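Engineer: Okay, handing you the structure first.
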Amino acid sequence: MATSISGTLAFIGLISPHIARKLIGAKHKYLIPISALIGTMILLVSDIFSRNLILIGEMPVGIIVSFIGVPYFIYLMLKQ
């Protein structure tokens with residue numbers, strides 16, 4: 001519901017903690033800073049792709065974020 005109300009950029013806040021927990025485990029001391037760094041990296045990579053993918057204009061960043069996040073959430077759902 002948060003993504004549908006606030007947009008696809010809030011999707012980063014939903015997927016970055018899952019990726020961070022997969023990388024470092026349950027070490028809560030490092031989980032929030034690593035989640036923030038992963039979210040920043042996802043947004044930065046998405047912005048670079050959205051600016052350079054189309055030569056004439058720009059593609060919305062949310063589309064690229066969705067291309068990254070949706071397959072990961074499907075993976076998480078199928079894993080459980």
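Residue numbers start at 1 in each chain; chains themselves are named A, B, ... in the order of the structure tokens; ligands are numbered from 1 in the order shown.
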Any chance you could list, as a PyMOL selection string, the residues in chain A that come up alpha helix (DSSP H) when DSSP is run on the backbone?
Structural biologist: chain A and resi 2-6+11-24+28-52+61-79
Engineer: With only C-alpha atoms as the counted atoms, please give the residues lying no more than 12 Å from range 34-51 of chain A, apart from itself and same-chain residues fewer than 3 positions off, as a PDB file with N, CA and C atoms, in the first residue's frame.
Structural biologist:
ATOM      1  N   THR A   8       6.740   4.674  -6.860  1.00  0.00           N
ATOM      2  CA  THR A   8       7.678   3.566  -6.982  1.00  0.00           C
ATOM      3  C   THR A   8       9.024   3.837  -6.314  1.00  0.00           C
ATOM      4  N   LEU A   9       9.334   5.084  -6.020  1.00  0.00           N
ATOM      5  CA  LEU A   9      10.606   5.342  -5.345  1.00  0.00           C
ATOM      6  C   LEU A   9      10.574   4.870  -3.898  1.00  0.00           C
ATOM      7  N   ALA A  10       9.399   4.784  -3.300  1.00  0.00           N
ATOM      8  CA  ALA A  10       9.297   4.213  -1.955  1.00  0.00           C
ATOM      9  C   ALA A  10       9.546   2.717  -1.991  1.00  0.00           C
ATOM     10  N   PHE A  11       9.473   2.135  -3.176  1.00  0.00           N
ATOM     11  CA  PHE A  11       9.750   0.723  -3.365  1.00  0.00           C
ATOM     12  C   PHE A  11      11.182   0.396  -2.945  1.00  0.00           C
ATOM     13  N   ILE A  12      12.079   1.355  -3.074  1.00  0.00           N
ATOM     14  CA  ILE A  12      13.474   1.166  -2.673  1.00  0.00           C
ATOM     15  C   ILE A  12      13.551   0.903  -1.168  1.00  0.00           C
ATOM     16  N   GLY A  13      12.736   1.599  -0.404  1.00  0.00           N
ATOM     17  CA  GLY A  13      12.712   1.399   1.034  1.00  0.00           C
ATOM     18  C   GLY A  13      12.182   0.035   1.440  1.00  0.00           C
ATOM     19  N   LEU A  14      11.486  -0.619   0.535  1.00  0.00           N
ATOM     20  CA  LEU A  14      10.975  -1.946   0.828  1.00  0.00           C
ATOM     21  C   LEU A  14      11.959  -3.048   0.436  1.00  0.00           C
ATOM     22  N   ILE A  15      12.732  -2.838  -0.631  1.00  0.00           N
ATOM     23  CA  ILE A  15      13.608  -3.912  -1.094  1.00  0.00           C
ATOM     24  C   ILE A  15      15.020  -3.831  -0.529  1.00  0.00           C
ATOM     25  N   SER A  16      15.499  -2.640  -0.203  1.00  0.00           N
ATOM     26  CA  SER A  16      16.884  -2.537   0.275  1.00  0.00           C
ATOM     27  C   SER A  16      17.117  -3.240   1.617  1.00  0.00           C
ATOM     28  N   PRO A  17      16.199  -3.223   2.585  1.00  0.00           N
ATOM     29  CA  PRO A  17      16.466  -3.999   3.812  1.00  0.00           C
ATOM     30  C   PRO A  17      16.514  -5.505   3.573  1.00  0.00           C
ATOM     31  N   HIS A  18      15.716  -5.992   2.626  1.00  0.00           N
ATOM     32  CA  HIS A  18      15.752  -7.425   2.323  1.00  0.00           C
ATOM     33  C   HIS A  18      17.103  -7.817   1.701  1.00  0.00           C
ATOM     34  N   ILE A  19      17.586  -6.976   0.812  1.00  0.00           N
ATOM     35  CA  ILE A  19      18.887  -7.250   0.189  1.00  0.00           C
ATOM     36  C   ILE A  19      19.999  -7.155   1.237  1.00  0.00           C
ATOM     37  N   ALA A  20      19.925  -6.150   2.105  1.00  0.00           N
ATOM     38  CA  ALA A  20      20.948  -5.991   3.148  1.00  0.00           C
ATOM     39  C   ALA A  20      20.945  -7.172   4.108  1.00  0.00           C
ATOM     40  N   ARG A  21      19.776  -7.629   4.498  1.00  0.00           N
ATOM     41  CA  ARG A  21      19.709  -8.774   5.410  1.00  0.00           C
ATOM     42  C   ARG A  21      20.268 -10.022   4.758  1.00  0.00           C
ATOM     43  N   LYS A  22      20.050 -10.156   3.454  1.00  0.00           N
ATOM     44  CA  LYS A  22      20.599 -11.307   2.732  1.00  0.00           C
ATOM     45  C   LYS A  22      22.136 -11.230   2.687  1.00  0.00           C
ATOM     46  N   LEU A  23      22.668 -10.019   2.600  1.00  0.00           N
ATOM     47  CA  LEU A  23      24.122  -9.859   2.503  1.00  0.00           C
ATOM     48  C   LEU A  23      24.830  -9.999   3.848  1.00  0.00           C
ATOM     49  N   ILE A  24      24.307  -9.350   4.894  1.00  0.00           N
ATOM     50  CA  ILE A  24      25.048  -9.327   6.157  1.00  0.00           C
ATOM     51  C   ILE A  24      24.424 -10.157   7.258  1.00  0.00           C
ATOM     52  N   GLY A  25      23.232 -10.679   7.046  1.00  0.00           N
ATOM     53  CA  GLY A  25      22.589 -11.483   8.079  1.00  0.00           C
ATOM     54  C   GLY A  25      21.792 -10.622   9.040  1.00  0.00           C
ATOM     55  N   ALA A  26      21.670 -11.075  10.265  1.00  0.00           N
ATOM     56  CA  ALA A  26      20.821 -10.399  11.247  1.00  0.00           C
ATOM     57  C   ALA A  26      21.621  -9.506  12.195  1.00  0.00           C
ATOM     58  N   LYS A  27      22.713  -8.960  11.749  1.00  0.00           N
ATOM     59  CA  LYS A  27      23.511  -8.048  12.577  1.00  0.00           C
ATOM     60  C   LYS A  27      22.844  -6.671  12.553  1.00  0.00           C
ATOM     61  N   HIS A  28      22.023  -6.405  13.563  1.00  0.00           N
ATOM     62  CA  HIS A  28      21.208  -5.197  13.561  1.00  0.00           C
ATOM     63  C   HIS A  28      22.034  -3.919  13.665  1.00  0.00           C
ATOM     64  N   LYS A  29      23.234  -4.021  14.143  1.00  0.00           N
ATOM     65  CA  LYS A  29      24.092  -2.841  14.245  1.00  0.00           C
ATOM     66  C   LYS A  29      24.433  -2.286  12.857  1.00  0.00           C
ATOM     67  N   TYR A  30      24.570  -3.170  11.887  1.00  0.00           N
ATOM     68  CA  TYR A  30      24.963  -2.765  10.545  1.00  0.00           C
ATOM     69  C   TYR A  30      23.806  -2.741   9.559  1.00  0.00           C
ATOM     70  N   LEU A  31      22.648  -3.223   9.949  1.00  0.00           N
ATOM     71  CA  LEU A  31      21.552  -3.399   9.004  1.00  0.00           C
ATOM     72  C   LEU A  31      21.024  -2.076   8.452  1.00  0.00           C
ATOM     73  N   ILE A  54      17.696   6.102 -23.159  1.00  0.00           N
ATOM     74  CA  ILE A  54      17.086   6.713 -24.336  1.00  0.00           C
ATOM     75  C   ILE A  54      17.928   7.923 -24.716  1.00  0.00           C
ATOM     76  N   LEU A  55      18.304   8.029 -25.976  1.00  0.00           N
ATOM     77  CA  LEU A  55      19.181   9.105 -26.411  1.00  0.00           C
ATOM     78  C   LEU A  55      18.478  10.457 -26.457  1.00  0.00           C
ATOM     79  N   ILE A  56      17.199  10.480 -26.769  1.00  0.00           N
ATOM     80  CA  ILE A  56      16.498  11.746 -26.965  1.00  0.00           C
ATOM     81  C   ILE A  56      16.053  12.364 -25.641  1.00  0.00           C
ATOM     82  N   GLY A  57      15.523  11.585 -24.749  1.00  0.00           N
ATOM     83  CA  GLY A  57      14.988  12.120 -23.502  1.00  0.00           C
ATOM     84  C   GLY A  57      15.368  11.270 -22.319  1.00  0.00           C
ATOM     85  N   GLU A  58      14.562  11.394 -21.267  1.00  0.00           N
ATOM     86  CA  GLU A  58      14.793  10.620 -20.048  1.00  0.00           C
ATOM     87  C   GLU A  58      13.618   9.703 -19.788  1.00  0.00           C
ATOM     88  N   MET A  59      13.917   8.535 -19.257  1.00  0.00           N
ATOM     89  CA  MET A  59      12.889   7.593 -18.829  1.00  0.00           C
ATOM     90  C   MET A  59      12.682   7.806 -17.327  1.00  0.00           C
ATOM     91  N   PRO A  60      11.452   7.677 -16.828  1.00  0.00           N
ATOM     92  CA  PRO A  60      11.251   7.830 -15.384  1.00  0.00           C
ATOM     93  C   PRO A  60      12.059   6.802 -14.578  1.00  0.00           C
ATOM     94  N   VAL A  61      12.631   7.256 -13.490  1.00  0.00           N
ATOM     95  CA  VAL A  61      13.479   6.415 -12.655  1.00  0.00           C
ATOM     96  C   VAL A  61      12.679   5.264 -12.044  1.00  0.00           C
ATOM     97  N   GLY A  62      11.414   5.514 -11.773  1.00  0.00           N
ATOM     98  CA  GLY A  62      10.579   4.497 -11.155  1.00  0.00           C
ATOM     99  C   GLY A  62      10.431   3.243 -11.990  1.00  0.00           C
ATOM    100  N   ILE A  63      10.484   3.387 -13.297  1.00  0.00           N
ATOM    101  CA  ILE A  63      10.392   2.218 -14.182  1.00  0.00           C
ATOM    102  C   ILE A  63      11.605   1.325 -13.993  1.00  0.00           C
ATOM    103  N   ILE A  64      12.785   1.917 -13.931  1.00  0.00           N
ATOM    104  CA  ILE A  64      14.011   1.138 -13.745  1.00  0.00           C
ATOM    105  C   ILE A  64      14.035   0.514 -12.351  1.00  0.00           C
ATOM    106  N   VAL A  65      13.579   1.246 -11.343  1.00  0.00           N
ATOM    107  CA  VAL A  65      13.513   0.696  -9.990  1.00  0.00           C
ATOM    108  C   VAL A  65      12.577  -0.502  -9.964  1.00  0.00           C
ATOM    109  N   SER A  66      11.474  -0.414 -10.685  1.00  0.00           N
ATOM    110  CA  SER A  66      10.536  -1.542 -10.748  1.00  0.00           C
ATOM    111  C   SER A  66      11.162  -2.747 -11.432  1.00  0.00           C
ATOM    112  N   PHE A  67      11.959  -2.512 -12.469  1.00  0.00           N
ATOM    113  CA  PHE A  67      12.643  -3.621 -13.138  1.00  0.00           C
ATOM    114  C   PHE A  67      13.608  -4.333 -12.196  1.00  0.00           C
ATOM    115  N   ILE A  68      14.163  -3.606 -11.240  1.00  0.00           N
ATOM    116  CA  ILE A  68      15.068  -4.218 -10.267  1.00  0.00           C
ATOM    117  C   ILE A  68      14.287  -4.871  -9.129  1.00  0.00           C
ATOM    118  N   GLY A  69      13.290  -4.175  -8.607  1.00  0.00           N
ATOM    119  CA  GLY A  69      12.613  -4.618  -7.400  1.00  0.00           C
ATOM    120  C   GLY A  69      11.582  -5.710  -7.569  1.00  0.00           C
TER     121      GLY A  69
END
